[in-house]
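Okay, so here's the structure we're looking at.
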Amino acid sequence: QVQLVESGGGLVQAGGSLRLSCAASGSIFSINVMGWYRQAPGKQRELVAAITSGGSTDYTDSVKGRFTISRDNAKNTVYLQMNSLKPEDTAVYYCNAKIYSNRWYNYWGQGTQVTVSS
């Protein structure tokens, strides 16, 4: 059984920073892409950032230059460093990873709330 456990959300003032972590555990043979999604109230879930096993990254336009995604392959962990936070970044942030256990499957974390006050 594979689990993704997120941590690091919270309440921060505009202009502040937060760092999210997501650790994958269980029967894992390989991890392909890892990423962070977010869902604000009344909106669809959107991809924020993604990183391949080789370190290639991709970001949605609204966070470029402010957010940085990274991963530690030895720890099966992905991070999202969020700087210069804005109220519009307020959302539940979800970790996602494509993992091979007994087959390739997209796993999701439980979500962590990020609230940015103005």
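A note on labels: chains of the structure tokens are A, B, ... as shown, every chain counts residues from 1, and ligands are counted from 1 in their shown order.
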- Message: Need the shell around Val63 (chain A): protein/DNA/RNA residues with any atom at most 10 Å away, counting only C-alpha atoms. Skip same-chain ones fewer than 2 positions apart. Format as a PyMOL selection string?
- Response: chain A and resi 48-49+59-61+65-68+82-86+89
Could you write out the selected residues, including N, CA, C and O atoms, as a compact mmCIF listing (two decimals), in the first residue's frame?
```txt
# COMPACT_ATOMS: atom_id res chain seq x y z
N VAL A 48 -0.02 23.09 -10.16
CA VAL A 48 0.83 24.21 -9.76
C VAL A 48 2.25 24.01 -10.27
O VAL A 48 2.83 24.90 -10.89
N ALA A 49 2.81 22.84 -10.00
CA ALA A 49 4.19 22.57 -10.41
C ALA A 49 4.40 21.07 -10.45
O ALA A 49 3.73 20.32 -9.73
N TYR A 59 5.93 24.77 -14.32
CA TYR A 59 5.12 25.57 -13.41
C TYR A 59 3.96 26.22 -14.15
O TYR A 59 4.08 26.58 -15.32
N THR A 60 2.86 26.41 -13.45
CA THR A 60 1.81 27.22 -14.01
C THR A 60 2.28 28.67 -14.01
O THR A 60 3.08 29.08 -13.15
N ASP A 61 1.80 29.45 -14.97
CA ASP A 61 2.33 30.81 -15.16
C ASP A 61 2.21 31.68 -13.91
O ASP A 61 3.10 32.48 -13.62
N GLY A 65 8.62 32.11 -10.86
CA GLY A 65 9.44 33.12 -10.20
C GLY A 65 9.17 33.25 -8.72
O GLY A 65 9.92 33.92 -8.00
N ARG A 66 8.09 32.62 -8.24
CA ARG A 66 7.75 32.70 -6.80
C ARG A 66 7.84 31.34 -6.12
O ARG A 66 8.22 31.24 -4.96
N PHE A 67 7.45 30.28 -6.83
CA PHE A 67 7.44 28.93 -6.26
C PHE A 67 8.57 28.10 -6.87
O PHE A 67 8.92 28.28 -8.04
N THR A 68 9.11 27.20 -6.06
CA THR A 68 10.15 26.29 -6.53
C THR A 68 9.82 24.87 -6.08
O THR A 68 9.63 24.63 -4.89
N MET A 82 7.26 28.11 -1.42
CA MET A 82 6.38 29.16 -1.91
C MET A 82 6.78 30.49 -1.29
O MET A 82 6.70 30.65 -0.06
N ASN A 83 7.24 31.40 -2.11
CA ASN A 83 7.65 32.73 -1.67
C ASN A 83 6.72 33.79 -2.25
O ASN A 83 5.99 33.52 -3.21
N SER A 84 6.78 34.98 -1.68
CA SER A 84 5.96 36.11 -2.16
C SER A 84 4.51 35.70 -2.33
O SER A 84 3.89 35.97 -3.36
N LEU A 85 3.99 35.04 -1.33
CA LEU A 85 2.63 34.52 -1.42
C LEU A 85 1.60 35.64 -1.55
O LEU A 85 1.76 36.72 -0.98
N LYS A 86 0.55 35.34 -2.30
CA LYS A 86 -0.53 36.28 -2.56
C LYS A 86 -1.85 35.69 -2.06
O LYS A 86 -1.98 34.46 -2.00
N ASP A 89 -3.28 32.77 -3.84
CA ASP A 89 -2.66 31.45 -3.69
C ASP A 89 -3.39 30.60 -2.66
O ASP A 89 -3.08 29.42 -2.50
```
- Between CA of Trp104 (chain A) and CA of Gly8 (chain A) - distance in Å to one decimal: 27.2 Å
- Distance criterion (only C-alpha atoms): nearest to Trp36 (chain A) out of A:Ser21, A:Ser101, A:Ser56, A:Gln3: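 Closest to Trp36 (chain A), using only C-alpha atoms: A:Ser21.
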- Item | Selected residue, from A:Ala74, A:Val12, A:Val116, A:Ile69, that lies nearest to Ala40 (chain A) when counting only C-alpha atoms |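 The shortest atom-to-atom distance to Ala40 (chain A) comes from A:Val116.
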- Message: Need to verify the contact set: Val78 (chain A), 6 Å, only C-alpha atoms, exclusion of same-chain residues closer than 4 positions in sequence. Can you return it as a list in words?
- Response: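 In the requested form, the answer reads Ser21, Cys22, Ser70 and Arg71 of chain A.
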Could you take the residues named above and write them with N, CA and C atoms, as a short mmCIF file (atom, residue, chain, number, x, y, z; two decimals), in the first residue's frame?
```
data_model
loop_
_atom_site.label_atom_id
_atom_site.label_comp_id
_atom_site.auth_asym_id
_atom_site.auth_seq_id
_atom_site.Cartn_x
_atom_site.Cartn_y
_atom_site.Cartn_z
N SER A 21 5.83 19.88 2.12
CA SER A 21 6.55 18.62 1.91
C SER A 21 5.54 17.51 1.67
N CYS A 22 5.95 16.53 0.90
CA CYS A 22 5.10 15.36 0.64
C CYS A 22 6.01 14.14 0.54
N SER A 70 11.03 20.90 -5.81
CA SER A 70 12.25 20.08 -5.76
C SER A 70 11.89 18.72 -5.20
N ARG A 71 12.81 17.77 -5.34
CA ARG A 71 12.54 16.44 -4.79
C ARG A 71 13.82 15.80 -4.33
#
```
